[in-house]
$ cat structure-v7.cif   # mmCIF, C-alpha atoms
data_protein
#
loop_
_atom_site.label_atom_id
_atom_site.label_comp_id
_atom_site.auth_asym_id
_atom_site.auth_seq_id
_atom_site.Cartn_x
_atom_site.Cartn_y
_atom_site.Cartn_z
CA LEU A 1 202.27 -130.53 -142.29
CA GLU A 2 205.21 -132.29 -140.72
CA GLY A 3 206.80 -132.56 -137.34
CA GLY A 4 204.14 -133.70 -134.93
CA PHE A 5 200.90 -132.46 -136.49
CA HIS A 6 197.81 -134.28 -137.70
CA VAL A 7 195.07 -132.93 -139.96
CA SER A 8 191.54 -134.22 -139.29
CA PRO A 9 189.04 -134.88 -142.11
CA THR A 10 187.56 -131.43 -141.47
CA GLY A 11 190.93 -129.75 -141.98
CA THR A 12 191.47 -128.94 -138.31
CA VAL A 13 195.11 -129.35 -137.28
CA PHE A 14 195.94 -131.20 -134.06
CA VAL A 15 199.23 -131.92 -132.32
CA ASN A 16 200.21 -135.62 -132.52
CA ARG A 17 200.02 -137.78 -129.41
CA GLU A 18 203.81 -138.10 -129.43
CA VAL A 19 204.10 -134.34 -128.90
CA ARG A 20 201.36 -133.96 -126.29
CA GLU A 21 198.36 -136.13 -125.47
CA GLY A 22 195.26 -134.09 -124.75
CA ILE A 23 193.20 -134.49 -121.59
CA ILE A 24 190.11 -135.52 -123.57
CA VAL A 25 192.07 -138.25 -125.36
CA LYS A 26 193.45 -139.51 -122.05
CA MET A 27 190.02 -139.54 -120.43
CA VAL A 28 188.18 -141.23 -123.29
CA SER A 29 191.00 -143.75 -123.83
CA GLU A 30 190.83 -144.81 -120.19
CA ILE A 31 187.05 -145.16 -120.37
CA LEU A 32 187.29 -147.27 -123.52
CA ARG A 33 189.97 -149.45 -121.88
CA MET A 34 187.56 -150.00 -119.00
CA ARG A 35 184.80 -151.00 -121.45
CA LEU A 36 187.09 -153.54 -123.10
CA MET A 37 188.06 -154.95 -119.72
CA ILE A 38 184.40 -155.30 -118.75
CA LYS A 39 183.64 -157.08 -122.03
CA HIS A 40 186.58 -159.42 -121.52
CA VAL A 41 185.52 -160.28 -117.96
CA LEU A 42 181.97 -160.92 -119.11
CA ASN A 43 183.10 -163.19 -121.95
CA THR A 44 185.34 -165.27 -119.66
CA GLN A 45 182.65 -165.89 -117.04
CA LYS A 46 179.98 -167.59 -119.18
CA ASN A 47 180.10 -170.86 -117.20
CA HIS A 48 180.03 -169.23 -113.78
CA PRO A 49 176.89 -170.02 -111.72
CA TYR A 50 176.28 -166.31 -111.14
CA TYR A 51 176.87 -165.35 -114.78
CA ALA A 52 173.43 -163.72 -115.20
CA TYR A 53 174.04 -161.60 -112.10
CA TYR A 54 177.53 -160.60 -113.27
CA GLN A 55 176.16 -159.87 -116.72
CA SER A 56 173.55 -157.44 -115.39
CA ILE A 57 176.16 -155.60 -113.28
CA LEU A 58 178.69 -155.44 -116.09
CA ASP A 59 176.05 -154.37 -118.63
CA THR A 60 175.04 -151.54 -116.32
CA ASN A 61 178.68 -150.50 -115.89
CA GLN A 62 179.23 -150.62 -119.64
CA ASN A 63 176.14 -148.48 -120.30
CA SER A 64 177.40 -145.98 -117.72
CA LEU A 65 180.78 -145.73 -119.45
CA LYS A 66 179.04 -145.24 -122.80
CA MET A 67 176.97 -142.40 -121.35
CA ILE A 68 180.11 -140.73 -119.98
CA VAL A 69 181.74 -140.79 -123.42
CA ASN A 70 178.58 -139.46 -125.10
CA THR A 71 178.23 -136.72 -122.49
CA THR A 72 181.87 -135.73 -122.98
CA TYR A 73 181.20 -135.27 -126.69
CA GLY A 74 178.10 -133.22 -125.84
CA TYR A 75 180.09 -130.91 -123.58
CA ILE A 76 182.74 -130.46 -126.24
CA ASN A 77 180.37 -129.58 -129.06
CA ALA A 78 177.67 -127.66 -127.16
CA GLY A 79 178.78 -124.05 -127.54
CA PHE A 80 175.73 -122.50 -125.91
CA SER A 81 175.72 -124.56 -122.70
CA GLY A 82 178.84 -126.72 -122.73
CA ARG A 83 181.61 -126.52 -120.21
CA MET A 84 184.36 -127.07 -122.79
CA PRO A 85 182.95 -125.76 -126.07
CA ASN A 86 185.17 -126.43 -129.05
CA ALA A 87 183.35 -126.81 -132.34
CA GLN A 88 186.50 -127.88 -134.20
CA ILE A 89 186.95 -130.93 -131.96
CA GLY A 90 183.24 -131.78 -132.11
CA ASP A 91 183.12 -131.49 -135.89
CA SER A 92 186.27 -133.59 -136.21
CA ILE A 93 184.73 -136.33 -134.03
CA VAL A 94 181.64 -136.41 -136.26
CA GLU A 95 183.71 -136.47 -139.46
CA TYR A 96 186.03 -139.20 -138.17
CA SER A 97 182.96 -141.25 -137.24
CA ARG A 98 181.44 -140.70 -140.68
CA THR A 99 184.72 -141.71 -142.35
CA ILE A 100 185.04 -144.89 -140.28
CA LEU A 101 181.39 -145.79 -140.89
CA ASN A 102 181.69 -145.31 -144.66
CA THR A 103 184.94 -147.30 -144.76
CA SER A 104 183.26 -150.11 -142.82
CA ILE A 105 180.23 -150.10 -145.13
CA ASN A 106 182.46 -150.22 -148.23
CA TYR A 107 184.49 -153.08 -146.77
CA ILE A 108 181.38 -155.12 -145.94
CA GLN A 109 179.85 -154.47 -149.36
CA GLN A 110 183.03 -155.62 -151.12
CA LYS A 111 183.76 -158.60 -148.87
CA TYR A 112 180.16 -159.77 -148.39
CA PRO A 113 178.03 -158.53 -151.33
CA GLN A 114 175.09 -160.71 -150.25
CA ILE A 115 174.64 -158.68 -147.06
CA GLU A 116 172.28 -155.72 -147.18
CA ILE A 117 173.37 -152.78 -145.09
CA VAL A 118 170.57 -150.67 -143.69
#
$ encode --input "structure-v7.cif" --output "structure tokens"
Amino acid sequence: LEGGFHVSPTGTVFVNREVREGIIVKMVSEILRMRLMIKHVLNTQKNHPYYAYYQSILDTNQNSLKMIVNTTYGYINAGFSGRMPNAQIGDSIVEYSRTILNTSINYIQQKYPQIEIV
């Protein structure tokens, strides 16, 4: 396929971001940007006298953002009770995750053979 299409590992065809960015992609991208910002702030404040206090607040915020992303996936893939059921998107998310995980495992095994991956 050419001209603005992308095929996921499951074979589902999606329009490229350059053609049209989907609302789910926009939402999750913004949430992940917020998570990175929170991590950055936390890492730059290690010498602050209230670091432990900041850390607890930022950890709570980060866990909240993680739950939002997980819930979004649940709504997408839950056909019987979801608000936005779309099995093709849900299956593609799972397959992309599996692909990235296997690629990471292979990289670690090749680069660091002494490490056991469990």
$ atom_distance --input "structure-v7.cif" --atom1 "CA of Ile24 in chain A" --atom2 "CA of Thr72 in chain A"
8.3 Å
$ closest_residue --input "structure-v7.cif" --among "A:Arg17, A:Lys66, A:His6, A:Arg98" --to "Arg35 in chain A" --atoms "all atoms listed in the file"
A:Lys66
$ resolve_selection --input "structure-v7.cif" --expression "the PyMOL selection byres ((chain A and resi 83-93) around 10)" --output "PDB file with C-alpha atoms, keeping the file's coordinate frame"
ATOM      1  CA  VAL A   7     195.070-132.930-139.960  1.00  0.00           C
ATOM      2  CA  SER A   8     191.540-134.220-139.290  1.00  0.00           C
ATOM      3  CA  PRO A   9     189.040-134.880-142.110  1.00  0.00           C
ATOM      4  CA  THR A  10     187.560-131.430-141.470  1.00  0.00           C
ATOM      5  CA  GLY A  11     190.930-129.750-141.980  1.00  0.00           C
ATOM      6  CA  THR A  12     191.470-128.940-138.310  1.00  0.00           C
ATOM      7  CA  VAL A  13     195.110-129.350-137.280  1.00  0.00           C
ATOM      8  CA  PHE A  14     195.940-131.200-134.060  1.00  0.00           C
ATOM      9  CA  THR A  72     181.870-135.730-122.980  1.00  0.00           C
ATOM     10  CA  TYR A  73     181.200-135.270-126.690  1.00  0.00           C
ATOM     11  CA  GLY A  74     178.100-133.220-125.840  1.00  0.00           C
ATOM     12  CA  TYR A  75     180.090-130.910-123.580  1.00  0.00           C
ATOM     13  CA  ILE A  76     182.740-130.460-126.240  1.00  0.00           C
ATOM     14  CA  ASN A  77     180.370-129.580-129.060  1.00  0.00           C
ATOM     15  CA  ALA A  78     177.670-127.660-127.160  1.00  0.00           C
ATOM     16  CA  GLY A  79     178.780-124.050-127.540  1.00  0.00           C
ATOM     17  CA  PHE A  80     175.730-122.500-125.910  1.00  0.00           C
ATOM     18  CA  SER A  81     175.720-124.560-122.700  1.00  0.00           C
ATOM     19  CA  GLY A  82     178.840-126.720-122.730  1.00  0.00           C
ATOM     20  CA  VAL A  94     181.640-136.410-136.260  1.00  0.00           C
ATOM     21  CA  GLU A  95     183.710-136.470-139.460  1.00  0.00           C
ATOM     22  CA  TYR A  96     186.030-139.200-138.170  1.00  0.00           C
ATOM     23  CA  SER A  97     182.960-141.250-137.240  1.00  0.00           C
ATOM     24  CA  ARG A  98     181.440-140.700-140.680  1.00  0.00           C
ATOM     25  CA  THR A  99     184.720-141.710-142.350  1.00  0.00           C
TER      26      THR A  99
END
$ atom_distance --input "structure-v7.cif" --atom1 "CA of Ile38 in chain A" --atom2 "CA of Thr60 in chain A"
10.4 Å
$ residues_around --input "structure-v7.cif" --residues "Lys39 in chain A" --least-positions-apart "5" --cutoff "10 Å" --atoms "all atoms listed in the file" --output "PDB file with C-alpha atoms, in the frame of the given file"
ATOM      1  CA  ARG A  33     189.970-149.450-121.880  1.00  0.00           C
ATOM      2  CA  MET A  34     187.560-150.000-119.000  1.00  0.00           C
ATOM      3  CA  THR A  44     185.340-165.270-119.660  1.00  0.00           C
ATOM      4  CA  GLN A  55     176.160-159.870-116.720  1.00  0.00           C
ATOM      5  CA  LEU A  58     178.690-155.440-116.090  1.00  0.00           C
ATOM      6  CA  ASP A  59     176.050-154.370-118.630  1.00  0.00           C
ATOM      7  CA  GLN A  62     179.230-150.620-119.640  1.00  0.00           C
TER       8      GLN A  62
END
$ axis_aligned_box --input "structure-v7.cif" --around "range 49-53 of chain A" --padding-each-side "6 Å" --output "JSON"
{"center_x": 175.2, "center_y": -165.8, "center_z": -113.2, "size_x": 15.5, "size_y": 20.4, "size_z": 16.1}
$ residues_around --input "structure-v7.cif" --residues "Glu116 in chain A" --least-positions-apart "5" --cutoff "12 Å" --atoms "only C-alpha atoms" --output "list of chain:residue names"
A:Ile105, A:Asn106, A:Ile108, A:Gln109, A:Gln110, A:Lys111
$ atom_distance --input "structure-v7.cif" --atom1 "CA of Ile57 in chain A" --atom2 "CA of Leu32 in chain A"
17.3 Å
$ resolve_selection --input "structure-v7.cif" --expression "the PyMOL selection byres ((chain A and resi 16) around 6)" --output "PyMOL selection string"
chain A and resi 4-6+15+17-19
$ closest_residue --input "structure-v7.cif" --among "A:Thr103, A:Ser29, A:Asn47, A:Gln114" --to "Leu65 in chain A" --atoms "all atoms listed in the file"
A:Ser29
